[in-house]
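Raw contents of structure11.pdb, PDB, C-alpha atoms:
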ATOM      1  CA  MET A   1      -3.542  10.625  16.240  1.00  0.00           C
ATOM      2  CA  ALA A   2      -7.116  10.817  17.406  1.00  0.00           C
ATOM      3  CA  ALA A   3      -9.443   8.339  15.777  1.00  0.00           C
ATOM      4  CA  ALA A   4     -13.088   9.149  15.327  1.00  0.00           C
ATOM      5  CA  SER A   5     -15.962   7.162  13.964  1.00  0.00           C
ATOM      6  CA  ALA A   6     -16.953   8.022  10.398  1.00  0.00           C
ATOM      7  CA  GLY A   7     -18.972  11.215  10.377  1.00  0.00           C
ATOM      8  CA  ALA A   8     -18.250  12.207  13.988  1.00  0.00           C
ATOM      9  CA  GLY A   9     -15.785  15.000  13.316  1.00  0.00           C
ATOM     10  CA  ARG A  10     -15.871  16.676  16.807  1.00  0.00           C
ATOM     11  CA  GLY A  11     -16.799  19.963  15.167  1.00  0.00           C
ATOM     12  CA  GLY A  12     -13.810  19.804  12.802  1.00  0.00           C
ATOM     13  CA  VAL A  13     -12.862  17.860   9.747  1.00  0.00           C
ATOM     14  CA  SER A  14     -11.865  14.225   9.517  1.00  0.00           C
ATOM     15  CA  LEU A  15      -9.786  12.262   7.054  1.00  0.00           C
ATOM     16  CA  CYS A  16     -11.384   9.022   5.865  1.00  0.00           C
ATOM     17  CA  LEU A  17      -9.238   6.087   4.757  1.00  0.00           C
ATOM     18  CA  ALA A  18     -11.216   3.552   2.720  1.00  0.00           C
ATOM     19  CA  THR A  19      -9.588   0.137   2.355  1.00  0.00           C
ATOM     20  CA  ALA A  20     -10.765  -3.345   1.403  1.00  0.00           C
ATOM     21  CA  GLY A  21     -11.378  -3.895   5.142  1.00  0.00           C
ATOM     22  CA  GLY A  22     -13.616  -0.859   5.735  1.00  0.00           C
ATOM     23  CA  VAL A  23     -13.375   2.846   6.499  1.00  0.00           C
ATOM     24  CA  LYS A  24     -11.322   4.518   9.233  1.00  0.00           C
ATOM     25  CA  ALA A  25     -11.819   8.190  10.143  1.00  0.00           C
ATOM     26  CA  LEU A  26      -9.113  10.326  11.739  1.00  0.00           C
ATOM     27  CA  ALA A  27      -9.900  13.677  13.372  1.00  0.00           C
ATOM     28  CA  LEU A  28      -7.163  15.838  11.865  1.00  0.00           C
ATOM     29  CA  SER A  29      -6.849  18.798   9.517  1.00  0.00           C
ATOM     30  CA  ALA A  30      -3.346  18.210   8.132  1.00  0.00           C
ATOM     31  CA  PHE A  31      -0.944  15.300   7.683  1.00  0.00           C
ATOM     32  CA  THR A  32       2.256  14.242   5.945  1.00  0.00           C
ATOM     33  CA  LEU A  33       2.266  11.298   3.577  1.00  0.00           C
ATOM     34  CA  VAL A  34       5.628   9.482   3.324  1.00  0.00           C
ATOM     35  CA  TRP A  35       6.815   6.691   1.053  1.00  0.00           C
ATOM     36  CA  THR A  36       9.968   5.180  -0.405  1.00  0.00           C
ATOM     37  CA  HIS A  37      10.503   4.980  -4.171  1.00  0.00           C
ATOM     38  CA  SER A  38      10.471   1.299  -5.162  1.00  0.00           C
ATOM     39  CA  ILE A  39      13.507   1.486  -7.472  1.00  0.00           C
ATOM     40  CA  ALA A  40      15.682   4.353  -6.211  1.00  0.00           C
ATOM     41  CA  LYS A  41      14.877   3.603  -2.520  1.00  0.00           C
ATOM     42  CA  VAL A  42      14.672   7.361  -1.922  1.00  0.00           C
ATOM     43  CA  GLU A  43      12.175   8.879   0.500  1.00  0.00           C
ATOM     44  CA  TRP A  44       9.417  11.213  -0.684  1.00  0.00           C
ATOM     45  CA  GLN A  45       7.196  13.339   1.599  1.00  0.00           C
ATOM     46  CA  GLU A  46       4.077  15.383   0.936  1.00  0.00           C
ATOM     47  CA  ASP A  47       2.295  17.742   3.330  1.00  0.00           C
ATOM     48  CA  TRP A  48      -1.488  17.763   2.882  1.00  0.00           C
ATOM     49  CA  ARG A  49      -4.241  19.933   4.352  1.00  0.00           C
ATOM     50  CA  LEU A  50      -7.976  19.232   4.523  1.00  0.00           C
ATOM     51  CA  THR A  51      -9.961  22.182   3.123  1.00  0.00           C
ATOM     52  CA  PRO A  52     -13.602  22.778   2.152  1.00  0.00           C
ATOM     53  CA  ALA A  53     -12.494  22.243  -1.486  1.00  0.00           C
ATOM     54  CA  GLY A  54     -10.867  18.865  -0.713  1.00  0.00           C
ATOM     55  CA  LEU A  55      -7.354  17.585  -0.053  1.00  0.00           C
ATOM     56  CA  GLU A  56      -4.769  20.261  -0.798  1.00  0.00           C
ATOM     57  CA  LEU A  57      -1.114  19.417  -1.445  1.00  0.00           C
ATOM     58  CA  VAL A  58       0.851  22.109   0.414  1.00  0.00           C
ATOM     59  CA  GLN A  59       4.493  21.065  -0.001  1.00  0.00           C
ATOM     60  CA  ALA A  60       6.485  18.156  -1.458  1.00  0.00           C
ATOM     61  CA  ARG A  61       9.996  16.973  -0.605  1.00  0.00           C
ATOM     62  CA  VAL A  62      12.257  14.317  -2.073  1.00  0.00           C
ATOM     63  CA  LYS A  63      15.591  13.180  -0.632  1.00  0.00           C
ATOM     64  CA  GLY A  64      17.204  12.707  -4.046  1.00  0.00           C
ATOM     65  CA  THR A  65      16.326  11.999  -7.632  1.00  0.00           C
ATOM     66  CA  GLY A  66      15.549   8.872  -9.576  1.00  0.00           C
ATOM     67  CA  PRO A  67      13.389   7.469 -12.377  1.00  0.00           C
ATOM     68  CA  GLY A  68      10.008   9.210 -12.309  1.00  0.00           C
ATOM     69  CA  MET A  69      10.836  11.368  -9.317  1.00  0.00           C
ATOM     70  CA  GLU A  70      12.695  14.330 -10.719  1.00  0.00           C
ATOM     71  CA  PRO A  71      11.921  17.474  -8.724  1.00  0.00           C
ATOM     72  CA  PRO A  72      10.463  20.367 -10.728  1.00  0.00           C
ATOM     73  CA  ALA A  73      12.561  23.363 -11.799  1.00  0.00           C
ATOM     74  CA  GLU A  74      11.246  25.494  -8.902  1.00  0.00           C
ATOM     75  CA  ALA A  75      12.452  22.977  -6.259  1.00  0.00           C
ATOM     76  CA  ARG A  76      15.139  24.179  -3.882  1.00  0.00           C
ATOM     77  CA  LEU A  77      17.675  22.045  -2.017  1.00  0.00           C
ATOM     78  CA  VAL A  78      17.154  22.566   1.746  1.00  0.00           C
ATOM     79  CA  ASP A  79      18.966  20.384   4.312  1.00  0.00           C
ATOM     80  CA  GLY A  80      19.451  17.593   1.774  1.00  0.00           C
ATOM     81  CA  TRP A  81      15.833  17.637   0.522  1.00  0.00           C
ATOM     82  CA  PHE A  82      14.532  19.061  -2.751  1.00  0.00           C
ATOM     83  CA  GLN A  83      11.455  21.052  -1.634  1.00  0.00           C
ATOM     84  CA  TRP A  84       8.718  22.803  -3.583  1.00  0.00           C
ATOM     85  CA  ARG A  85       5.113  24.001  -3.343  1.00  0.00           C
ATOM     86  CA  PRO A  86       3.015  22.258  -6.008  1.00  0.00           C
ATOM     87  CA  GLN A  87       0.494  24.498  -7.744  1.00  0.00           C
ATOM     88  CA  ARG A  88      -2.551  22.283  -8.142  1.00  0.00           C
ATOM     89  CA  ALA A  89      -6.198  22.432  -7.226  1.00  0.00           C
ATOM     90  CA  ALA A  90      -7.501  20.608  -4.165  1.00  0.00           C
ATOM     91  CA  MET A  91      -8.569  17.041  -4.906  1.00  0.00           C
ATOM     92  CA  PRO A  92     -11.760  15.291  -3.712  1.00  0.00           C
ATOM     93  CA  GLU A  93      -9.808  12.103  -3.027  1.00  0.00           C
ATOM     94  CA  LEU A  94      -6.326  10.658  -3.124  1.00  0.00           C
ATOM     95  CA  VAL A  95      -5.921   7.061  -4.329  1.00  0.00           C
ATOM     96  CA  LEU A  96      -2.856   5.210  -3.049  1.00  0.00           C
ATOM     97  CA  GLY A  97      -1.634   1.986  -4.628  1.00  0.00           C
ATOM     98  CA  ASN A  98       0.832  -0.337  -2.968  1.00  0.00           C
ATOM     99  CA  SER A  99       3.185  -2.407  -5.123  1.00  0.00           C
ATOM    100  CA  GLY A 100       4.714  -4.064  -2.078  1.00  0.00           C
ATOM    101  CA  ALA A 101       8.194  -3.364  -3.512  1.00  0.00           C
ATOM    102  CA  ALA A 102       9.226  -0.601  -1.095  1.00  0.00           C
ATOM    103  CA  GLY A 103       7.200  -0.942   2.072  1.00  0.00           C
ATOM    104  CA  GLU A 104       3.982   0.806   2.942  1.00  0.00           C
ATOM    105  CA  TRP A 105       2.774   4.356   2.755  1.00  0.00           C
ATOM    106  CA  ARG A 106       3.208   6.120   6.092  1.00  0.00           C
ATOM    107  CA  LEU A 107       0.907   8.770   7.515  1.00  0.00           C
ATOM    108  CA  CYS A 108       2.458  11.298   9.912  1.00  0.00           C
ATOM    109  CA  HIS A 109       0.574  13.599  12.269  1.00  0.00           C
ATOM    110  CA  ASP A 110       1.528  15.274  15.575  1.00  0.00           C
ATOM    111  CA  GLY A 111       5.125  14.060  15.295  1.00  0.00           C
ATOM    112  CA  ARG A 112       4.198  10.384  14.884  1.00  0.00           C
ATOM    113  CA  CYS A 113       4.413   8.286  11.716  1.00  0.00           C
ATOM    114  CA  ARG A 114       2.585   4.982  11.227  1.00  0.00           C
ATOM    115  CA  THR A 115       2.072   2.679   8.264  1.00  0.00           C
ATOM    116  CA  LEU A 116      -1.419   2.708   6.785  1.00  0.00           C
ATOM    117  CA  SER A 117      -1.871  -0.871   8.084  1.00  0.00           C
ATOM    118  CA  GLU A 118      -1.148   0.388  11.612  1.00  0.00           C
ATOM    119  CA  VAL A 119      -3.516   3.339  11.161  1.00  0.00           C
ATOM    120  CA  VAL A 120      -6.476   1.267   9.932  1.00  0.00           C
ATOM    121  CA  GLY A 121      -5.790  -1.653  12.276  1.00  0.00           C
ATOM    122  CA  HIS A 122      -5.371  -4.451   9.723  1.00  0.00           C
ATOM    123  CA  PRO A 123      -2.907  -5.400   6.957  1.00  0.00           C
ATOM    124  CA  ILE A 124      -3.629  -3.518   3.736  1.00  0.00           C
ATOM    125  CA  GLY A 125      -1.406  -5.594   1.457  1.00  0.00           C
ATOM    126  CA  ALA A 126      -1.336  -4.615  -2.221  1.00  0.00           C
ATOM    127  CA  ASN A 127      -4.881  -3.188  -2.133  1.00  0.00           C
ATOM    128  CA  VAL A 128      -5.795   0.400  -2.949  1.00  0.00           C
ATOM    129  CA  THR A 129      -6.450   2.919  -0.169  1.00  0.00           C
ATOM    130  CA  LYS A 130      -8.631   5.957  -0.867  1.00  0.00           C
ATOM    131  CA  MET A 131      -8.200   9.096   1.236  1.00  0.00           C
ATOM    132  CA  SER A 132     -10.898  11.777   1.353  1.00  0.00           C
ATOM    133  CA  ILE A 133     -12.604  14.196   3.688  1.00  0.00           C
ATOM    134  CA  CYS A 134     -15.307  12.374   5.654  1.00  0.00           C
ATOM    135  CA  GLU A 135     -18.882  13.312   4.908  1.00  0.00           C
ATOM    136  CA  GLN A 136     -20.404  15.019   7.939  1.00  0.00           C
ATOM    137  CA  GLN A 137     -23.629  13.375   9.112  1.00  0.00           C
ATOM    138  CA  GLU A 138     -26.562  15.502  10.245  1.00  0.00           C
ATOM    139  CA  LYS A 139     -27.669  14.755  13.809  1.00  0.00           C
TER     140      LYS A 139
END
Would you mind writing the structure in this file as structure tokens?
Amino acid sequence: MAAASAGAGRGGVSLCLATAGGVKALALSAFTLVWTHSIAKVEWQEDWRLTPAGLELVQARVKGTGPGMEPPAEARLVDGWFQWRPQRAAMPELVLGNSGAAGEWRLCHDGRCRTLSEVVGHPIGANVTKMSICEQQEK
């Protein structure tokens, strides 16, 4: 994963992660967000894309069902995962909470997954992380 300083998008887009410890920018245009349900201990994955309209959820997958994680009617079982394409508008930001009950959110890109603490370079703990497209600075 290539890190960039905030606003230095190398001609492309960057994903900004805002935590209590500061802001980290990543030069990427798509990523997968992975987490484990705190009660059912079942993995959930979402594929996201950065677009001019904001963060777009492209596909979601869940490795089973549990309280609050029932797949929608259009989901299909593929290789043990319920998969579907959510129909929702792009979002300006994604706010991630961390209960601490099931481990950290993981961000995957270019075949590598890391916890958000690893990505930003410091422990996040139970604090909120906000994900958004970095504002491009004029030079």
**OP:** Using the chain letters and numbering of this document, enumerate as number ranges by chain the residues selected by the PyMOL selection byres ((chain A and resi 120) around 10).
**Re:** A: 3, 17-19, 21-26, 114-119, 121-124
Subject >> Non-local contacts of Ser14 (chain A) (6 Å; all atoms listed in the file; under 3 positions in same chain excluded) as a list in words >> reply: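 So the residues in contact are Gly9, Leu26, Ala27, Leu28, Ile133 and Cys134 of chain A.
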Write out, as a short mmCIF file (atom, residue, chain, number, x, y, z; two decimals), in the frame of the given file, the residues just selected, with C-alpha atoms.
data_model
loop_
_atom_site.label_atom_id
_atom_site.label_comp_id
_atom_site.auth_asym_id
_atom_site.auth_seq_id
_atom_site.Cartn_x
_atom_site.Cartn_y
_atom_site.Cartn_z
CA GLY A 9 -15.78 15.00 13.32
CA LEU A 26 -9.11 10.33 11.74
CA ALA A 27 -9.90 13.68 13.37
CA LEU A 28 -7.16 15.84 11.86
CA ILE A 133 -12.60 14.20 3.69
CA CYS A 134 -15.31 12.37 5.65
#
Subject >> Residue neighbourhood region 31-33 of chain A, 6 Å, all atoms listed in the file, exclusion window fewer than 4 positions, as a PyMOL selection string >> reply: chain A and resi 45-48+106-109
**OP:** Apply the PyMOL selection byres ((chain A and resi 127) around 9) to the structure shown and report the selected residues as a PyMOL selection string.
**Re:** chain A and resi 19-20+96-99+124-126+128-129
Quick one: write out the picked residues with C-alpha atoms as a PDB file, in the frame of the given file?
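Wrote it out as again_35.pdb, contents follow:
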ATOM      1  CA  THR A  19      -9.588   0.137   2.355  1.00  0.00           C
ATOM      2  CA  ALA A  20     -10.765  -3.345   1.403  1.00  0.00           C
ATOM      3  CA  LEU A  96      -2.856   5.210  -3.049  1.00  0.00           C
ATOM      4  CA  GLY A  97      -1.634   1.986  -4.628  1.00  0.00           C
ATOM      5  CA  ASN A  98       0.832  -0.337  -2.968  1.00  0.00           C
ATOM      6  CA  SER A  99       3.185  -2.407  -5.123  1.00  0.00           C
ATOM      7  CA  ILE A 124      -3.629  -3.518   3.736  1.00  0.00           C
ATOM      8  CA  GLY A 125      -1.406  -5.594   1.457  1.00  0.00           C
ATOM      9  CA  ALA A 126      -1.336  -4.615  -2.221  1.00  0.00           C
ATOM     10  CA  VAL A 128      -5.795   0.400  -2.949  1.00  0.00           C
ATOM     11  CA  THR A 129      -6.450   2.919  -0.169  1.00  0.00           C
TER      12      THR A 129
END
**OP:** Take the PyMOL selection byres ((chain A and resi 80) around 9), apply it to the structure above, and return the hits as a list in words.
**Re:** Val62, Lys63, Gly64, Leu77, Val78, Asp79, Trp81 and Phe82 of chain A
Subject >> Answer as JSON, numbers by chain, residues within 12 Å of (7.7, 24.7, -4.3) using only C-alpha atoms >> reply: {"A": [46, 47, 57, 58, 59, 60, 61, 62, 71, 72, 73, 74, 75, 76, 77, 78, 81, 82, 83, 84, 85, 86, 87, 88]}
**OP:** Enter the distance from CA of Ala30 (chain A) to CA of Gly54 (chain A), in Å, rounded to one decimal.
**Re:** 11.6 Å
Subject >> Selected residue of minimal separation from Trp105 (chain A) among A:Ala40, A:Gly12, A:Trp35, A:Met69, counting all atoms listed in the file >> reply: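 Smallest separation from Trp105 (chain A) among the options: A:Trp35.
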**OP:** Quote the spacing between CA of Thr51 (chain A) and CA of Val95 (chain A) in Å to one decimal place.
**Re:**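 Separating CA of Thr51 (chain A) from CA of Val95 (chain A) is a distance of 17.3 Å.
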Subject >> Pairwise distance for CA of Ser38 (chain A) and CA of Met131 (chain A), rounded to one decimal in Å >> reply: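 These atoms are spaced 21.2 Å apart.
Among A:Val34, A:Leu15, A:Ile39, A:Ala53, the residue with the shortest atom-to-atom distance to Gly66 (chain A), counting all atoms listed in the file, is A:Ile39.
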Original post:
Which of these, A:Glu135, A:Thr36, A:Glu43, A:Glu93, has the shortest distance to Val13 (chain A) once you count all atoms listed in the file?
Top reply: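 The closest residue to Val13 (chain A) is A:Glu135.
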Keeping just all heavy atoms, export region 20-33 of chain A of this structure as a tab-separated table (two decimals), in the first residue's frame.
chain	number	residue	atom	x	y	z
A	20	ALA	N	-7.90	9.75	16.12
A	20	ALA	CA	-7.57	10.65	17.22
A	20	ALA	C	-6.11	11.08	17.15
A	20	ALA	O	-5.75	12.13	17.65
A	20	ALA	CB	-7.86	9.96	18.56
A	21	GLY	N	-5.26	10.28	16.47
A	21	GLY	CA	-3.84	10.60	16.38
A	21	GLY	C	-3.44	11.38	15.15
A	21	GLY	O	-2.27	11.65	14.93
A	22	GLY	N	-4.38	11.75	14.28
A	22	GLY	CA	-4.05	12.50	13.08
A	22	GLY	C	-4.70	11.91	11.84
A	22	GLY	O	-5.62	11.12	11.91
A	23	VAL	N	-4.17	12.33	10.68
A	23	VAL	CA	-4.71	11.90	9.39
A	23	VAL	C	-3.63	11.18	8.61
A	23	VAL	O	-2.48	11.62	8.56
A	23	VAL	CB	-5.23	13.11	8.57
A	23	VAL	CG1	-5.70	12.68	7.19
A	23	VAL	CG2	-6.34	13.82	9.32
A	24	LYS	N	-4.00	10.06	8.00
A	24	LYS	CA	-3.10	9.29	7.15
A	24	LYS	C	-3.75	9.19	5.78
A	24	LYS	O	-4.94	8.88	5.66
A	24	LYS	CB	-2.92	7.89	7.75
A	24	LYS	CG	-2.12	6.93	6.92
A	24	LYS	CD	-0.64	7.16	7.12
A	24	LYS	CE	0.16	6.06	6.44
A	24	LYS	NZ	1.48	5.96	6.97
A	25	ALA	N	-2.99	9.47	4.72
A	25	ALA	CA	-3.50	9.38	3.35
A	25	ALA	C	-2.86	8.20	2.64
A	25	ALA	O	-1.66	7.96	2.78
A	25	ALA	CB	-3.22	10.67	2.60
A	26	LEU	N	-3.67	7.46	1.91
A	26	LEU	CA	-3.21	6.31	1.15
A	26	LEU	C	-3.55	6.52	-0.32
A	26	LEU	O	-4.71	6.77	-0.65
A	26	LEU	CB	-3.89	5.03	1.64
A	26	LEU	CG	-3.73	4.72	3.13
A	26	LEU	CD1	-4.62	3.54	3.51
A	26	LEU	CD2	-2.29	4.44	3.46
A	27	ALA	N	-2.56	6.41	-1.20
A	27	ALA	CA	-2.79	6.58	-2.63
A	27	ALA	C	-3.36	5.27	-3.18
A	27	ALA	O	-2.63	4.34	-3.47
A	27	ALA	CB	-1.49	6.94	-3.34
A	28	LEU	N	-4.68	5.20	-3.26
A	28	LEU	CA	-5.36	4.04	-3.79
A	28	LEU	C	-6.72	4.47	-4.31
A	28	LEU	O	-7.20	5.55	-3.99
A	28	LEU	CB	-5.49	2.93	-2.74
A	28	LEU	CG	-6.10	3.28	-1.37
A	28	LEU	CD1	-7.61	3.37	-1.41
A	28	LEU	CD2	-5.69	2.23	-0.37
A	29	SER	N	-7.32	3.64	-5.15
A	29	SER	CA	-8.63	3.98	-5.71
A	29	SER	C	-9.70	2.96	-5.33
A	29	SER	O	-10.87	3.17	-5.59
A	29	SER	CB	-8.56	4.11	-7.22
A	29	SER	OG	-8.12	2.90	-7.78
A	30	ALA	N	-9.28	1.85	-4.69
A	30	ALA	CA	-10.22	0.83	-4.26
A	30	ALA	C	-9.59	0.06	-3.10
A	30	ALA	O	-8.37	-0.02	-2.99
A	30	ALA	CB	-10.55	-0.12	-5.41
A	31	PHE	N	-10.44	-0.50	-2.24
A	31	PHE	CA	-9.95	-1.27	-1.10
A	31	PHE	C	-11.06	-2.18	-0.61
A	31	PHE	O	-12.22	-2.02	-0.97
A	31	PHE	CB	-9.47	-0.36	0.04
A	31	PHE	CG	-10.56	0.52	0.61
A	31	PHE	CD1	-11.29	0.12	1.73
A	31	PHE	CD2	-10.85	1.75	0.05
A	31	PHE	CE1	-12.29	0.92	2.26
A	31	PHE	CE2	-11.85	2.56	0.57
A	31	PHE	CZ	-12.57	2.14	1.68
A	32	THR	N	-10.69	-3.15	0.21
A	32	THR	CA	-11.65	-4.03	0.87
A	32	THR	C	-11.54	-3.78	2.36
A	32	THR	O	-10.45	-3.73	2.92
A	32	THR	CB	-11.37	-5.51	0.55
A	32	THR	OG1	-11.50	-5.70	-0.87
A	32	THR	CG2	-12.35	-6.42	1.28
A	33	LEU	N	-12.69	-3.61	2.98
A	33	LEU	CA	-12.78	-3.42	4.42
A	33	LEU	C	-13.27	-4.74	5.02
A	33	LEU	O	-14.26	-5.31	4.55
A	33	LEU	CB	-13.76	-2.29	4.72
A	33	LEU	CG	-13.78	-1.72	6.11
A	33	LEU	CD1	-12.42	-1.17	6.51
A	33	LEU	CD2	-14.82	-0.60	6.18
